[in-house]
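To be precise, the following lines are structure-v3.txt, and they hold compact mmCIF, C-alpha atoms.
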# COMPACT_ATOMS: atom_id res chain seq x y z
CA MET A 1 -24.87 -37.83 -13.31
CA ALA A 2 -24.23 -34.25 -14.49
CA ARG A 3 -25.95 -32.91 -11.39
CA THR A 4 -23.66 -34.95 -9.12
CA SER A 5 -20.52 -33.55 -10.76
CA THR A 6 -21.90 -29.98 -10.46
CA VAL A 7 -22.57 -30.46 -6.76
CA ARG A 8 -19.12 -31.99 -6.28
CA GLY A 9 -17.58 -29.01 -8.08
CA ARG A 10 -19.36 -26.60 -5.74
CA HIS A 11 -18.17 -28.53 -2.72
CA ASP A 12 -14.61 -28.46 -4.03
CA ARG A 13 -14.79 -24.70 -4.56
CA LEU A 14 -16.26 -24.17 -1.10
CA ARG A 15 -13.56 -26.34 0.46
CA TRP A 16 -10.88 -24.34 -1.39
CA LEU A 17 -12.44 -21.02 -0.33
CA ARG A 18 -12.68 -22.09 3.32
CA ALA A 19 -9.07 -23.23 3.26
CA ARG A 20 -7.97 -19.84 1.88
CA TRP A 21 -10.22 -17.80 4.19
CA ALA A 22 -9.39 -19.58 7.47
CA PRO A 23 -5.82 -18.24 7.87
CA LEU A 24 -7.05 -14.71 7.24
CA THR A 25 -9.68 -14.78 9.96
CA THR A 26 -7.94 -16.73 12.70
CA GLY A 27 -4.61 -16.73 14.47
CA ALA A 28 -1.71 -14.34 14.08
CA CYS A 29 -2.65 -13.29 10.54
CA ARG A 30 -5.82 -11.63 11.78
CA ASP A 31 -4.14 -8.26 12.60
CA ARG A 32 -2.86 -7.43 9.15
CA GLY A 33 -4.27 -3.92 8.65
CA MET A 34 -3.85 -0.63 10.43
CA SER A 35 -6.39 0.56 12.95
CA THR A 36 -7.80 4.08 13.04
CA ALA A 37 -5.25 5.21 15.63
CA GLU A 38 -2.40 3.92 13.48
CA TYR A 39 -3.79 5.78 10.48
CA ALA A 40 -3.93 8.97 12.56
CA VAL A 41 -0.32 8.61 13.72
CA GLY A 42 0.81 7.79 10.17
CA THR A 43 -1.04 10.82 8.79
CA ILE A 44 0.50 13.14 11.39
CA ALA A 45 3.98 11.76 10.67
CA ALA A 46 3.47 12.24 6.92
CA CYS A 47 2.29 15.83 7.44
CA ALA A 48 5.26 16.59 9.69
CA PHE A 49 7.66 15.18 7.10
CA ALA A 50 5.97 17.21 4.35
CA ALA A 51 6.26 20.40 6.42
CA LEU A 52 9.95 19.73 7.09
CA LEU A 53 10.60 19.01 3.42
CA PHE A 54 8.77 22.20 2.43
CA LYS A 55 10.90 24.24 4.83
CA VAL A 56 14.11 22.71 3.49
CA VAL A 57 13.20 23.19 -0.18
CA THR A 58 12.04 26.80 0.30
CA SER A 59 15.15 27.87 2.21
CA PRO A 60 17.32 30.36 0.30
CA ASP A 61 20.40 28.12 0.31
CA VAL A 62 18.59 25.15 -1.20
CA GLN A 63 16.80 27.36 -3.74
CA GLN A 64 20.17 28.73 -4.83
CA MET A 65 21.59 25.21 -5.21
CA ILE A 66 18.57 24.09 -7.25
CA THR A 67 18.77 27.18 -9.46
CA THR A 68 22.50 26.62 -10.04
CA LEU A 69 21.91 22.95 -10.86
CA ILE A 70 19.17 23.77 -13.36
CA ASN A 71 21.28 26.49 -15.00
CA ARG A 72 24.22 24.09 -15.37
CA ALA A 73 21.96 21.42 -16.86
CA LEU A 74 20.50 23.86 -19.38
CA THR A 75 23.94 25.21 -20.27
CA VAL A 76 25.36 21.72 -20.86
CA ALA A 77 22.26 20.60 -22.80
CA GLY A 78 22.67 23.36 -25.21
Please go through the file and, once you have read it, give me the structure as structure tokens.
Amino acid sequence: MARTSTVRGRHDRLRWLRARWAPLTTGACRDRGMSTAEYAVGTIAACAFAALLFKVVTSPDVQQMITTLINRALTVAG
């Protein structure tokens, strides 16, 4: 009798696993990740944004604003 309940438990677990796995491997849910080309485009976009941000932050006007902001904060803090 114990063996029968163990086998039934395995079948229940397998049925649950198949039910959870099926939507991931079939139908519209199958394309859920990025492909290599999408990773490449995303990486290029991130690098371009980083370069633009670097240019903005290292410009003299922005550096002056940041320096002024830090000096004010330190003066107010004490």
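A straight line drawn from atom CA of Pro23 of chain A to atom CA of Val41 of chain A is 28.0 Å long.
Counting from atom CA of Ala19 of chain A, the distance to atom CA of Val7 of chain A is 18.3 Å.
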Just need the box for segment 20-25 of chain A, edges along x, y and z, holding every atom the file lists for it with 4 Å tacked onto each side, so centre and edge lengths in Å to one decimal, as AutoDock Vina command-line options.
--center_x -8.0 --center_y -17.3 --center_z 5.9 --size_x 12.4 --size_y 13.1 --size_z 16.1
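Separating atom CA of Met65 of chain A from atom CA of Leu53 of chain A is a distance of 15.3 Å.
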